[in-house]
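**Student:** input.cif is the file, holding mmCIF, C-alpha atoms:
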data_model
loop_
_atom_site.label_atom_id
_atom_site.label_comp_id
_atom_site.auth_asym_id
_atom_site.auth_seq_id
_atom_site.Cartn_x
_atom_site.Cartn_y
_atom_site.Cartn_z
CA MET R 972 -35.45 -51.09 -9.86
CA SER R 973 -35.04 -47.48 -11.07
CA ASP R 974 -35.94 -46.36 -14.60
CA ARG R 975 -32.26 -45.73 -15.16
CA GLY R 976 -31.44 -49.36 -14.24
CA ARG R 977 -34.18 -50.71 -16.50
CA GLY R 978 -32.89 -48.51 -19.33
CA VAL R 979 -29.38 -49.81 -18.84
CA ARG R 980 -30.58 -53.39 -18.98
CA ARG R 981 -32.76 -52.69 -22.03
CA TRP R 982 -29.90 -51.14 -24.02
CA LEU R 983 -27.46 -53.78 -22.92
CA GLY R 984 -30.01 -56.35 -24.11
CA ILE R 985 -30.33 -54.64 -27.47
CA GLY R 986 -26.54 -54.52 -27.70
CA ALA R 987 -26.28 -58.22 -26.92
CA LEU R 988 -28.93 -59.04 -29.54
CA ALA R 989 -27.14 -56.91 -32.11
CA LEU R 990 -23.87 -58.65 -31.34
CA VAL R 991 -25.55 -62.03 -31.83
CA VAL R 992 -26.96 -60.96 -35.20
CA VAL R 993 -23.64 -59.47 -36.30
CA SER R 994 -21.75 -62.59 -35.20
CA VAL R 995 -24.15 -64.76 -37.18
CA ALA R 996 -24.21 -62.57 -40.28
CA ALA R 997 -20.77 -60.98 -40.38
CA GLY R 998 -18.48 -63.04 -38.23
CA PRO R 999 -16.96 -62.29 -34.82
CA ALA R 1000 -17.44 -58.69 -33.45
CA ALA R 1001 -14.81 -56.48 -31.85
CA ALA R 1002 -14.57 -56.52 -28.05
CA VAL R 1003 -16.80 -53.90 -26.36
CA PRO R 1004 -14.89 -51.50 -24.05
CA PRO R 1005 -16.04 -51.66 -20.47
CA PRO R 1006 -18.42 -48.91 -19.30
CA PRO R 1007 -17.06 -46.09 -17.15
CA PRO R 1008 -18.01 -46.01 -13.46
CA ASN R 1009 -21.68 -45.21 -12.83
CA PRO R 1010 -22.26 -43.85 -9.31
CA SER R 1011 -25.63 -44.64 -7.80
CA ASP R 1012 -28.34 -42.04 -7.28
CA SER R 1013 -27.94 -42.42 -3.52
CA GLU R 1014 -24.23 -41.61 -3.76
CA ILE R 1015 -24.92 -38.50 -5.81
CA ASP R 1016 -27.77 -37.44 -3.52
CA ALA R 1017 -25.63 -37.93 -0.43
CA SER R 1018 -22.82 -35.85 -1.89
CA GLN R 1019 -25.29 -33.13 -2.88
CA ARG R 1020 -26.79 -33.06 0.62
CA ASP R 1021 -23.32 -32.74 2.10
CA ALA R 1022 -22.48 -29.90 -0.27
CA ASN R 1023 -25.79 -28.18 0.50
CA THR R 1024 -25.07 -28.46 4.22
CA LYS R 1025 -21.61 -26.95 3.77
CA ALA R 1026 -23.03 -24.17 1.61
CA GLY R 1027 -25.54 -23.39 4.36
CA GLU R 1028 -22.76 -23.30 6.93
CA VAL R 1029 -20.76 -20.94 4.72
CA GLY R 1030 -23.80 -18.67 4.44
CA GLN R 1031 -24.33 -18.66 8.19
CA LEU R 1032 -20.66 -17.98 8.89
CA THR R 1033 -20.65 -15.24 6.28
CA ASN R 1034 -23.54 -13.53 8.07
CA GLN R 1035 -21.90 -14.01 11.47
CA LEU R 1036 -18.63 -12.68 10.12
CA ALA R 1037 -20.36 -9.63 8.66
CA GLU R 1038 -22.01 -8.95 12.02
CA ALA R 1039 -18.69 -9.47 13.83
CA GLU R 1040 -16.89 -7.09 11.48
CA SER R 1041 -19.65 -4.51 11.95
CA ARG R 1042 -19.38 -4.89 15.72
CA LEU R 1043 -15.59 -4.57 15.46
CA ASP R 1044 -15.99 -1.31 13.53
CA GLN R 1045 -18.36 0.00 16.22
CA LEU R 1046 -15.94 -0.98 18.97
CA GLN R 1047 -13.10 0.71 17.11
CA SER R 1048 -15.14 3.91 17.06
CA THR R 1049 -15.84 3.48 20.78
CA VAL R 1050 -12.14 3.00 21.50
CA GLU R 1051 -11.29 6.16 19.59
CA LEU R 1052 -13.97 8.08 21.51
CA ARG R 1053 -12.73 6.75 24.86
CA MET R 1054 -9.16 7.64 23.94
CA GLU R 1055 -10.23 11.21 23.20
CA GLU R 1056 -12.15 11.37 26.47
CA ALA R 1057 -9.03 10.14 28.29
CA ASN R 1058 -7.00 12.84 26.55
CA LYS R 1059 -9.53 15.46 27.64
CA ALA R 1060 -9.42 14.19 31.23
CA LEU R 1061 -5.61 14.37 31.16
CA VAL R 1062 -5.69 17.97 29.92
CA ASP R 1063 -8.32 18.91 32.54
CA LEU R 1064 -6.24 17.26 35.28
CA GLN R 1065 -3.11 19.12 34.20
CA THR R 1066 -5.06 22.41 34.14
CA ALA R 1067 -6.46 21.72 37.62
CA GLN R 1068 -3.00 20.84 38.93
CA ASP R 1069 -1.58 24.08 37.52
CA ALA R 1070 -4.45 26.07 39.07
CA ALA R 1071 -3.93 24.35 42.43
CA ASP R 1072 -0.20 25.06 42.30
CA ALA R 1073 -0.87 28.74 41.52
CA ALA R 1074 -3.45 28.94 44.32
CA GLN R 1075 -0.95 27.36 46.71
CA ARG R 1076 1.66 29.96 45.76
CA ASP R 1077 -0.88 32.78 46.22
CA ALA R 1078 -1.93 31.41 49.60
CA ASP R 1079 1.69 31.11 50.73
CA ALA R 1080 2.42 34.70 49.62
CA ALA R 1081 -0.71 36.04 51.33
CA LYS R 1082 0.21 34.26 54.55
CA ARG R 1083 3.72 35.68 54.46
CA GLU R 1084 2.34 39.19 53.94
CA ALA R 1085 -0.10 38.74 56.83
CA ASP R 1086 2.66 37.42 59.09
CA ALA R 1087 4.93 40.35 58.13
CA ALA R 1088 2.17 42.86 58.85
CA GLN R 1089 1.57 41.27 62.24
CA ALA R 1090 5.28 41.49 63.03
CA GLN R 1091 5.34 45.21 62.16
CA ILE R 1092 2.31 45.78 64.34
CA ASP R 1093 3.97 43.94 67.23
CA THR R 1094 7.14 46.06 66.86
CA ALA R 1095 5.20 49.32 66.66
CA ARG R 1096 3.09 48.36 69.64
CA ALA R 1097 6.23 47.55 71.66
CA ASN R 1098 7.77 50.94 70.74
CA LEU R 1099 4.56 52.75 71.67
CA ASP R 1100 4.35 50.88 74.95
CA ALA R 1101 7.98 51.87 75.74
CA PHE R 1102 7.24 55.51 74.89
CA ILE R 1103 4.16 55.57 77.03
CA SER R 1104 5.99 53.85 79.83
CA SER R 1105 8.88 56.33 79.78
CA SER R 1106 6.56 59.35 79.40
CA TYR R 1107 4.08 58.46 82.09
CA GLN R 1108 6.12 56.22 84.35
CA GLN R 1109 5.13 58.18 87.45
CA GLY R 1110 1.76 59.62 86.49
CA SER R 1111 0.08 61.57 83.77
CA THR R 1112 2.63 64.52 83.93
CA MET R 1113 5.82 62.63 84.59
CA GLY R 1114 6.63 62.25 80.96
CA SER R 1115 6.07 65.94 80.35
CA ILE R 1116 8.39 67.03 83.18
CA SER R 1117 11.24 64.92 81.78
CA ALA R 1118 10.68 66.55 78.41
CA TYR R 1119 10.51 70.07 79.76
CA LEU R 1120 13.63 70.03 81.99
CA GLY R 1121 15.98 71.16 79.25
CA ALA R 1122 13.77 74.00 77.98
CA SER R 1123 15.64 77.38 77.72
CA SER R 1124 12.55 79.59 77.51
CA PRO R 1125 8.75 79.41 77.70
CA LYS R 1126 8.60 79.36 73.92
CA ASP R 1127 10.94 76.39 73.80
CA LEU R 1128 8.91 74.71 76.50
CA LEU R 1129 5.72 75.12 74.44
CA ALA R 1130 7.40 73.67 71.38
CA ARG R 1131 8.56 70.63 73.31
CA ALA R 1132 5.01 70.05 74.59
CA GLN R 1133 3.64 70.20 71.05
CA LEU R 1134 6.38 67.84 69.83
CA LEU R 1135 5.60 65.35 72.59
CA GLU R 1136 1.90 65.40 71.68
CA SER R 1137 2.70 65.04 67.97
CA VAL R 1138 5.02 62.05 68.53
CA SER R 1139 2.45 60.30 70.63
CA GLY R 1140 -0.31 60.99 68.06
CA SER R 1141 1.75 59.92 65.06
CA GLN R 1142 2.70 56.68 66.73
CA LEU R 1143 -0.91 55.96 67.52
CA ASN R 1144 -1.96 56.85 63.93
CA ALA R 1145 0.78 54.62 62.47
CA LEU R 1146 -0.32 51.81 64.72
CA GLU R 1147 -3.91 52.15 63.51
CA MET R 1148 -2.78 52.14 59.84
CA MET R 1149 -0.68 49.02 60.40
CA GLN R 1150 -3.60 47.35 62.09
CA GLN R 1151 -5.80 48.20 59.07
CA ALA R 1152 -3.14 46.81 56.72
CA GLN R 1153 -2.88 43.69 58.86
CA THR R 1154 -6.67 43.25 58.58
CA ASP R 1155 -6.50 43.62 54.78
CA LYS R 1156 -3.69 41.12 54.51
CA SER R 1157 -5.51 38.71 56.79
CA ASN R 1158 -8.55 38.98 54.50
CA LYS R 1159 -6.32 38.28 51.50
CA ASP R 1160 -4.84 35.33 53.31
CA ALA R 1161 -8.33 33.92 54.02
CA ALA R 1162 -9.41 34.46 50.41
CA ALA R 1163 -6.24 32.77 49.15
CA ARG R 1164 -6.81 29.79 51.42
CA GLN R 1165 -10.39 29.50 50.16
CA ALA R 1166 -9.21 29.70 46.53
CA LEU R 1167 -6.62 27.02 47.30
CA GLN R 1168 -9.31 24.79 48.79
CA LEU R 1169 -11.49 25.19 45.68
CA ALA R 1170 -8.51 24.52 43.41
CA GLN R 1171 -7.64 21.39 45.33
CA GLN R 1172 -11.25 20.20 45.07
CA ALA R 1173 -11.17 20.79 41.31
CA GLN R 1174 -7.89 18.88 41.13
CA GLU R 1175 -9.39 15.94 42.99
CA GLN R 1176 -12.43 15.93 40.69
CA ALA R 1177 -10.17 16.03 37.63
CA ALA R 1178 -8.11 13.15 39.01
CA ARG R 1179 -11.27 11.08 39.53
CA ALA R 1180 -12.44 11.94 36.00
CA LYS R 1181 -9.06 10.91 34.64
CA GLN R 1182 -9.26 7.60 36.49
CA THR R 1183 -12.78 6.99 35.15
CA ALA R 1184 -11.73 7.86 31.59
CA ASP R 1185 -8.70 5.58 31.80
CA GLY R 1186 -10.89 2.74 33.04
CA ALA R 1187 -13.40 3.29 30.20
CA GLN R 1188 -10.57 3.34 27.66
CA THR R 1189 -9.12 0.11 29.04
CA ALA R 1190 -12.54 -1.58 28.94
CA ALA R 1191 -13.10 -0.44 25.35
CA VAL R 1192 -9.71 -1.72 24.24
CA GLN R 1193 -10.34 -5.07 25.93
CA ALA R 1194 -13.75 -5.35 24.24
CA GLN R 1195 -12.18 -4.52 20.90
CA GLN R 1196 -9.45 -7.11 21.38
CA ALA R 1197 -12.01 -9.76 22.36
CA GLN R 1198 -14.11 -8.93 19.30
CA ALA R 1199 -11.04 -9.02 17.06
CA ALA R 1200 -10.19 -12.47 18.40
CA GLN R 1201 -13.76 -13.63 17.74
CA THR R 1202 -13.67 -12.18 14.24
CA THR R 1203 -10.39 -13.94 13.52
CA GLN R 1204 -11.86 -17.20 14.78
CA LEU R 1205 -14.92 -16.78 12.56
CA GLU R 1206 -12.71 -16.02 9.56
CA SER R 1207 -10.75 -19.19 10.27
CA GLN R 1208 -13.94 -21.23 10.60
CA LYS R 1209 -15.33 -19.73 7.41
CA THR R 1210 -12.13 -20.54 5.53
CA THR R 1211 -12.22 -24.12 6.81
CA VAL R 1212 -15.88 -24.64 5.88
CA GLU R 1213 -15.35 -23.00 2.49
CA GLN R 1214 -12.58 -25.51 1.85
CA GLN R 1215 -14.93 -28.29 2.96
CA LEU R 1216 -17.60 -26.87 0.64
CA PHE R 1217 -15.13 -26.84 -2.22
CA GLN R 1218 -14.21 -30.46 -1.53
CA ALA R 1219 -17.89 -31.43 -1.27
CA GLN R 1220 -18.61 -29.67 -4.56
CA GLN R 1221 -15.65 -31.47 -6.08
CA ARG R 1222 -17.18 -34.77 -4.98
CA VAL R 1223 -20.55 -33.77 -6.43
CA ASN R 1224 -18.93 -32.63 -9.66
CA GLY R 1225 -16.85 -35.79 -9.79
CA LEU R 1226 -19.83 -38.09 -9.30
CA GLN R 1227 -21.98 -36.08 -11.69
CA GLY R 1228 -19.13 -36.11 -14.18
CA GLN R 1229 -18.88 -39.88 -13.85
CA ARG R 1230 -22.64 -40.15 -14.35
CA GLN R 1231 -22.47 -37.87 -17.38
CA ARG R 1232 -19.59 -39.82 -18.90
CA TYR R 1233 -21.50 -43.05 -18.27
CA GLU R 1234 -24.64 -41.64 -19.90
CA ASP R 1235 -22.58 -40.41 -22.86
CA TRP R 1236 -21.03 -43.88 -23.14
CA LEU R 1237 -24.46 -45.47 -22.88
CA ALA R 1238 -25.89 -43.22 -25.60
CA GLN R 1239 -22.92 -43.92 -27.84
CA LYS R 1240 -23.26 -47.63 -27.12
CA GLN R 1241 -26.92 -47.44 -28.03
CA ARG R 1242 -26.15 -45.78 -31.36
CA GLU R 1243 -23.41 -48.30 -32.12
CA ASP R 1244 -25.64 -51.24 -31.23
CA GLU R 1245 -28.51 -49.92 -33.31
CA GLU R 1246 -26.19 -49.33 -36.25
CA GLN R 1247 -24.71 -52.82 -35.95
CA ALA R 1248 -28.22 -54.29 -35.79
CA ARG R 1249 -29.24 -52.29 -38.85
CA GLN R 1250 -26.13 -53.37 -40.75
CA ALA R 1251 -26.79 -56.99 -39.78
CA ALA R 1252 -30.40 -56.69 -40.97
CA LEU R 1253 -29.25 -55.20 -44.27
CA ALA R 1254 -26.67 -57.93 -44.70
CA ALA R 1255 -29.28 -60.60 -44.01
CA ALA R 1256 -31.69 -58.97 -46.44
CA ALA R 1257 -28.99 -58.77 -49.10
CA ALA R 1258 -28.16 -62.44 -48.60
CA SER R 1259 -31.76 -63.48 -49.18
CA ALA R 1260 -32.45 -61.00 -52.02
CA PRO R 1261 -33.05 -62.27 -55.62
CA PRO R 1262 -30.21 -62.16 -58.16
CA ALA R 1263 -29.11 -58.96 -59.86
CA GLY R 1264 -31.80 -57.43 -61.98
CA GLY R 1265 -34.51 -58.09 -59.44
CA GLY R 1266 -35.40 -55.83 -56.58
CA GLY R 1267 -33.29 -55.58 -53.52
CA GLY R 1268 -31.64 -53.12 -51.26
CA GLY R 1269 -29.00 -50.67 -52.42
CA ARG R 1270 -26.16 -48.92 -50.43
CA PRO R 1271 -27.32 -48.10 -46.91
CA ALA R 1272 -27.75 -44.42 -46.07
CA PRO R 1273 -25.01 -42.95 -43.82
CA PRO R 1274 -25.99 -42.26 -40.24
CA PRO R 1275 -27.07 -38.68 -39.48
CA ALA R 1276 -24.35 -36.39 -38.18
CA SER R 1277 -24.67 -36.04 -34.45
CA SER R 1278 -24.54 -32.60 -32.93
CA GLY R 1279 -21.90 -31.76 -30.31
CA SER R 1280 -22.50 -33.01 -26.77
CA ALA R 1281 -23.39 -30.74 -23.87
CA ALA R 1282 -19.83 -31.04 -22.55
CA GLN R 1283 -18.45 -29.86 -25.90
CA THR R 1284 -20.87 -26.92 -25.93
CA VAL R 1285 -19.78 -25.92 -22.44
CA GLU R 1286 -16.13 -26.01 -23.51
CA ARG R 1287 -16.89 -23.79 -26.52
CA VAL R 1288 -18.65 -21.30 -24.21
CA ILE R 1289 -15.72 -21.25 -21.79
CA ALA R 1290 -13.20 -20.98 -24.63
CA ARG R 1291 -15.00 -17.89 -25.96
CA ALA R 1292 -14.96 -16.27 -22.53
CA MET R 1293 -11.30 -17.18 -21.90
CA SER R 1294 -10.30 -15.67 -25.24
CA GLN R 1295 -11.17 -12.25 -23.81
CA LEU R 1296 -8.83 -12.41 -20.79
CA GLY R 1297 -7.10 -9.13 -20.13
CA LEU R 1298 -9.59 -6.93 -21.99
CA PRO R 1299 -10.64 -3.87 -19.99
CA TYR R 1300 -13.89 -3.60 -18.11
CA ALA R 1301 -16.22 -1.17 -19.89
CA TRP R 1302 -19.65 -0.54 -18.40
CA GLY R 1303 -22.31 -1.39 -20.99
CA GLY R 1304 -19.72 -3.00 -23.28
CA GLY R 1305 -19.88 -6.33 -25.10
CA ASN R 1306 -22.25 -8.17 -27.45
CA THR R 1307 -22.42 -11.47 -29.35
CA ALA R 1308 -19.68 -10.29 -31.74
CA GLY R 1309 -17.17 -9.29 -29.06
CA PRO R 1310 -16.07 -6.25 -27.05
CA THR R 1311 -17.67 -2.86 -27.71
CA ARG R 1312 -17.21 0.68 -26.47
CA GLY R 1313 -18.63 1.33 -23.00
CA ILE R 1314 -21.36 3.85 -22.27
CA ARG R 1315 -21.73 6.71 -19.82
CA ASP R 1316 -23.36 6.16 -16.43
CA GLY R 1317 -22.96 9.65 -14.98
CA GLY R 1318 -20.96 8.27 -12.05
CA VAL R 1319 -18.27 5.72 -11.28
CA ALA R 1320 -17.93 4.32 -14.81
CA ASP R 1321 -17.50 7.82 -16.20
CA ALA R 1322 -14.83 8.56 -13.59
CA TYR R 1323 -12.85 5.58 -14.93
CA GLY R 1324 -13.45 6.61 -18.55
CA ASP R 1325 -15.39 3.43 -19.43
CA TYR R 1326 -17.14 5.26 -22.28
CA ARG R 1327 -13.73 5.59 -23.96
CA LYS R 1328 -12.75 1.92 -23.55
CA ILE R 1329 -13.42 -1.13 -25.73
CA GLY R 1330 -14.29 -4.08 -23.54
CA PHE R 1331 -16.98 -5.90 -21.56
CA ASP R 1332 -19.04 -5.48 -18.46
CA CYS R 1333 -20.07 -8.59 -16.51
CA SER R 1334 -23.29 -9.32 -18.40
CA GLY R 1335 -21.75 -8.34 -21.74
CA LEU R 1336 -19.10 -11.04 -21.28
CA MET R 1337 -21.86 -13.63 -20.72
CA ILE R 1338 -23.63 -12.48 -23.91
CA TYR R 1339 -20.46 -13.08 -25.90
CA ALA R 1340 -19.62 -16.40 -24.21
CA PHE R 1341 -23.07 -17.92 -24.83
CA ALA R 1342 -23.51 -16.53 -28.36
CA GLY R 1343 -25.01 -19.27 -30.49
CA VAL R 1344 -26.31 -21.09 -27.41
CA ALA R 1345 -28.75 -18.60 -25.95
CA SER R 1346 -29.78 -15.01 -26.61
CA LEU R 1347 -29.12 -13.18 -23.35
CA PRO R 1348 -30.28 -9.66 -22.39
CA HIS R 1349 -27.67 -7.14 -21.31
CA TYR R 1350 -28.73 -7.21 -17.65
CA SER R 1351 -27.52 -9.70 -15.05
CA GLY R 1352 -30.91 -9.75 -13.29
CA TYR R 1353 -32.62 -11.05 -16.44
CA GLN R 1354 -29.77 -13.44 -17.17
CA TYR R 1355 -30.42 -15.06 -13.78
CA THR R 1356 -33.82 -16.25 -15.01
CA ALA R 1357 -32.65 -17.13 -18.55
CA GLY R 1358 -31.97 -20.81 -17.79
CA ARG R 1359 -32.51 -23.62 -15.33
CA ARG R 1360 -31.55 -22.69 -11.78
CA VAL R 1361 -29.67 -25.28 -9.74
CA PRO R 1362 -28.57 -25.19 -6.07
CA LEU R 1363 -25.16 -23.65 -5.61
CA ALA R 1364 -23.85 -26.94 -4.20
CA GLN R 1365 -24.63 -28.57 -7.58
CA MET R 1366 -22.97 -25.94 -9.76
CA ARG R 1367 -20.69 -27.23 -12.46
CA ARG R 1368 -18.43 -25.97 -15.21
CA GLY R 1369 -20.29 -23.63 -17.55
CA ASP R 1370 -22.91 -22.39 -15.05
CA MET R 1371 -23.47 -18.69 -14.41
CA LEU R 1372 -23.04 -17.41 -10.84
CA PHE R 1373 -24.76 -14.29 -9.50
CA TRP R 1374 -24.25 -11.87 -6.59
CA GLY R 1375 -26.57 -9.47 -4.77
CA ARG R 1376 -29.16 -10.87 -2.36
CA SER R 1377 -30.84 -7.46 -2.12
CA GLY R 1378 -30.60 -6.91 -5.89
CA ILE R 1379 -28.48 -8.74 -8.49
CA HIS R 1380 -25.45 -6.67 -9.46
CA HIS R 1381 -22.87 -9.12 -10.86
CA VAL R 1382 -22.54 -12.32 -12.91
CA ALA R 1383 -19.60 -14.61 -13.67
CA LEU R 1384 -18.98 -17.93 -15.46
CA TYR R 1385 -18.00 -20.91 -13.32
CA LEU R 1386 -14.91 -22.80 -14.56
CA GLY R 1387 -14.85 -25.58 -11.97
CA ASN R 1388 -12.36 -26.25 -9.18
CA GLY R 1389 -13.61 -23.20 -7.28
CA MET R 1390 -12.58 -20.76 -10.07
CA MET R 1391 -14.57 -18.41 -12.32
CA ILE R 1392 -14.04 -15.92 -15.14
CA GLU R 1393 -15.54 -12.45 -14.83
CA ALA R 1394 -15.46 -8.84 -15.95
CA PRO R 1395 -15.22 -7.49 -12.39
CA GLN R 1396 -15.54 -3.69 -12.23
CA SER R 1397 -14.36 -0.37 -13.63
CA GLY R 1398 -10.59 -0.04 -13.61
CA LEU R 1399 -9.97 -3.81 -13.87
CA THR R 1400 -9.83 -6.34 -16.72
CA VAL R 1401 -11.46 -9.66 -17.61
CA ARG R 1402 -9.84 -12.17 -15.26
CA VAL R 1403 -9.95 -15.62 -13.70
CA ALA R 1404 -10.51 -15.52 -9.91
CA PRO R 1405 -11.60 -17.76 -7.02
CA VAL R 1406 -15.36 -17.87 -6.44
CA ARG R 1407 -16.41 -15.30 -3.83
CA TYR R 1408 -19.13 -16.67 -1.55
CA GLY R 1409 -19.98 -13.44 0.22
CA ASP R 1410 -23.39 -12.14 -1.02
CA ILE R 1411 -23.56 -14.91 -3.67
CA LEU R 1412 -27.05 -16.09 -4.62
CA PRO R 1413 -27.96 -19.63 -3.54
CA PHE R 1414 -28.65 -20.80 -7.13
CA ALA R 1415 -26.57 -20.98 -10.29
CA THR R 1416 -28.13 -20.64 -13.75
CA ARG R 1417 -27.48 -23.45 -16.25
CA LEU R 1418 -27.98 -22.86 -19.97
CA VAL R 1419 -26.26 -26.03 -21.22
CA GLY R 1420 -27.01 -29.56 -20.03
#
Before we go any further, please render this structure as structure tokens.

**Tutor:**
Amino acid sequence: MSDRGRGVRRWLGIGALALVVVSVAAGPAAAVPPPPPNPSDSEIDASQRDANTKAGEVGQLTNQLAEAESRLDQLQSTVELRMEEANKALVDLQTAQDAADAAQRDADAAKREADAAQAQIDTARANLDAFISSSYQQGSTMGSISAYLGASSPKDLLARAQLLESVSGSQLNALEMMQQAQTDKSNKDAAARQALQLAQQAQEQAARAKQTADGAQTAAVQAQQAQAAQTTQLESQKTTVEQQLFQAQQRVNGLQGQRQRYEDWLAQKQREDEEQARQAALAAAAASAPPAGGGGGGRPAPPPASSGSAAQTVERVIARAMSQLGLPYAWGGGNTAGPTRGIRDGGVADAYGDYRKIGFDCSGLMIYAFAGVASLPHYSGYQYTAGRRVPLAQMRRGDMLFWGRSGIHHVALYLGNGMMIEAPQSGLTVRVAPVRYGDILPFATRLVG
């Protein structure tokens, strides 16, 4: 049998003995109210293990969710980069297409010029061939005779000979110039075709780059969407397990509350039984005492005033904290007497004007709430070690909660039912809020009980 069970039997035995004495000495006693439910240690331990398991799952999911959100941010950056690369590929493709179109137009124009030059050469060559044919149809002098027949004098004949030679020479010279021009235009045509070929190659490369960039963008978007779906699933799982943790903590708190109420009842029963036994002993002593004038007992001393229970102390602490709802956050503010003016920090708090406000910071609110119970330093890290630390799954109303696994930076007072009161941060006010499990420390600090 456990010590608790033996204690229960011992005090129930004392109570029964006291009732017997009272019934003998003072008549029938009032009926004793039944004890409240008393859950077994195994029930409480099982509920605590379940809550610890759920708290561990919440911690794991919180870490997984943080990693998933970080991965999602990285993928978002990748998507943005791939989108810009796709935009660049689109611009390069458009530029290459424009260059290819211009090269095509230049090649077409160069070919037309070369074809026109060739046509002029063909016409000139035909005219020259006709001239030569008519001039020398019947030998090397035949053309000259036909030109000289109409001459009126030797001088005129000489002039016609010179004219014939000049016409023949000019036609030959013009033909050579047209052939040179045709060569130049043919060279331009070849250069234009080569430029067109290079432009088309650049266009093909740009098209392939655009296709590659589009594929990379599509893959990045798909990866982002898959990660977003995974993140959403993790958030849903975390919400579900947090609700399960809350329910498990409620069971723990409920069983521990039942145990506490039973222990309070048992202690009260003990005091009542002891007092009844004492009164019965006094009554028996008075009955057997000598007549007046002899010795004997006088009026019994009143029982000592009992101090408030732990539950009452917790309620006073919470009432003090709740009385400050709505007061502004002021970094460095708050003491045992109430809100005070904040102090400068040279940074964020100064930007919000905390040094001009009357209020509390997170640890200052705890100092005020626990005034008269414990003397707390104005630093959440020291407050964490100021009392008994209990696993987070066993936290109950009146415990302090802390955040910052890499360095404590915040403290709040647990109200029960998944709620807490806190002085959150610059720009906000003292408020009641749901417990945040991200970055929360695995232990609560208990100063009462």

**Student:** Evaluating the PyMOL selection byres ((chain R and resi 1316) around 9) on the displayed file yields which residues, as an mmCIF file with C-alpha atoms, in the coordinates of the input?

**Tutor:**
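Okay, out_19.cif is ready:
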data_model
loop_
_atom_site.group_PDB
_atom_site.id
_atom_site.type_symbol
_atom_site.label_atom_id
_atom_site.label_comp_id
_atom_site.auth_asym_id
_atom_site.auth_seq_id
_atom_site.Cartn_x
_atom_site.Cartn_y
_atom_site.Cartn_z
ATOM 1 C CA TRP R 1302 -19.650 -0.540 -18.400
ATOM 2 C CA GLY R 1303 -22.310 -1.390 -20.990
ATOM 3 C CA ILE R 1314 -21.360 3.850 -22.270
ATOM 4 C CA ARG R 1315 -21.730 6.710 -19.820
ATOM 5 C CA GLY R 1317 -22.960 9.650 -14.980
ATOM 6 C CA GLY R 1318 -20.960 8.270 -12.050
ATOM 7 C CA VAL R 1319 -18.270 5.720 -11.280
ATOM 8 C CA ALA R 1320 -17.930 4.320 -14.810
ATOM 9 C CA ASP R 1321 -17.500 7.820 -16.200
ATOM 10 C CA ASP R 1325 -15.390 3.430 -19.430
ATOM 11 C CA TYR R 1326 -17.140 5.260 -22.280
#

**Student:** Restricting the calculation to all atoms listed in the file, which member of R:Ala1101, R:Ala1364, R:Ala1178, R:Ala1087 is positioned closest to Leu1064 (chain R)?

**Tutor:**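 Going through R:Ala1101, R:Ala1364, R:Ala1178, R:Ala1087 one by one, the smallest distance to Leu1064 (chain R) is for R:Ala1178.
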
**Student:** So, with all atoms listed in the file as the atoms that count, which of R:Gln1188, R:Asn1009, R:Val1285, R:Glu1040 lies closest to Ala1200 (chain R)?

**Tutor:**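 Using all atoms listed in the file, Ala1200 (chain R) sits closest to R:Glu1040.
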
**Student:** Could you tell me which residues the PyMOL selection byres ((chain R and resi 1333) around 7) returns for this structure, as an MDAnalysis selection string?

**Tutor:** chainID R and resid 1331:1332 1334:1337 1381:1383 1393:1395

**Student:** Can you spell out as a PyMOL selection string the set of residues that the PyMOL selection byres ((chain R and resi 1400-1409) around 7) selects in the structure I just provided?

**Tutor:** chain R and resi 1033+1295-1300+1389-1395+1399+1410-1411

**Student:** Can you pull out every residue within 12 Å of Leu1412 (chain R), counting all atoms listed in the file, but drop anything in the same chain fewer than 5 positions away, and send it as a list in words?

**Tutor:** Ala1026, Gly1027, Gly1030, Gly1352, Tyr1355, Arg1360, Val1361, Pro1362, Leu1363, Ala1364, Met1366, Met1371, Leu1372, Phe1373, Trp1374, Gly1375, Arg1376, Ser1377, Gly1378, Ile1379, His1380, His1381, Val1382, Ala1383, Val1406 and Arg1407 of chain R

**Student:** Just give me the gap between CA of Ser1141 (chain R) and CA of Ala1090 (chain R) in Å, one decimal is fine.

**Tutor:** 18.9 Å

**Student:** For a cutoff of 12 Å around the file-coordinate point (-17.1, -30.7, -6.0), which residues qualify once you count all atoms listed in the file? I'd like the result as a count of residues only.

**Tutor:** 36

**Student:** Have a look at CA of Gln1172 (chain R) and CA of Ala1191 (chain R) and let me know their distance in Å, one decimal.

**Tutor:**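 Atom-to-atom, CA of Gln1172 (chain R) to CA of Ala1191 (chain R), that is 28.6 Å.
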
**Student:** Interatomic distance between CA of Ala1180 (chain R) and CA of Gln1193 (chain R)?

**Tutor:** 19.9 Å

**Student:** List as a list of chain:residue names the protein and nucleic acid residues near Val1344 (chain R), meaning an atom at most 10 Å away when all atoms listed in the file are counted, but skip any in the same chain fewer than 6 places from it.

**Tutor:** R:Thr1284, R:Val1285, R:Arg1287, R:Val1288, R:Ile1338, R:Leu1418, R:Val1419

**Student:** Using all atoms listed in the file, determine which residues lie at most 7 Å from Ala1163 (chain R), disregarding the query and same-chain residues fewer than 6 positions distant; provide the list as a PDB file with C-alpha atoms, in the frame of the given file.

**Tutor:**
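The resulting result.pdb:
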ATOM      1  CA  ALA R1074      -3.450  28.940  44.320  1.00  0.00           C
ATOM      2  CA  ASP R1077      -0.880  32.780  46.220  1.00  0.00           C
ATOM      3  CA  ALA R1078      -1.930  31.410  49.600  1.00  0.00           C
ATOM      4  CA  ALA R1081      -0.710  36.040  51.330  1.00  0.00           C
TER       5      ALA R1081
END
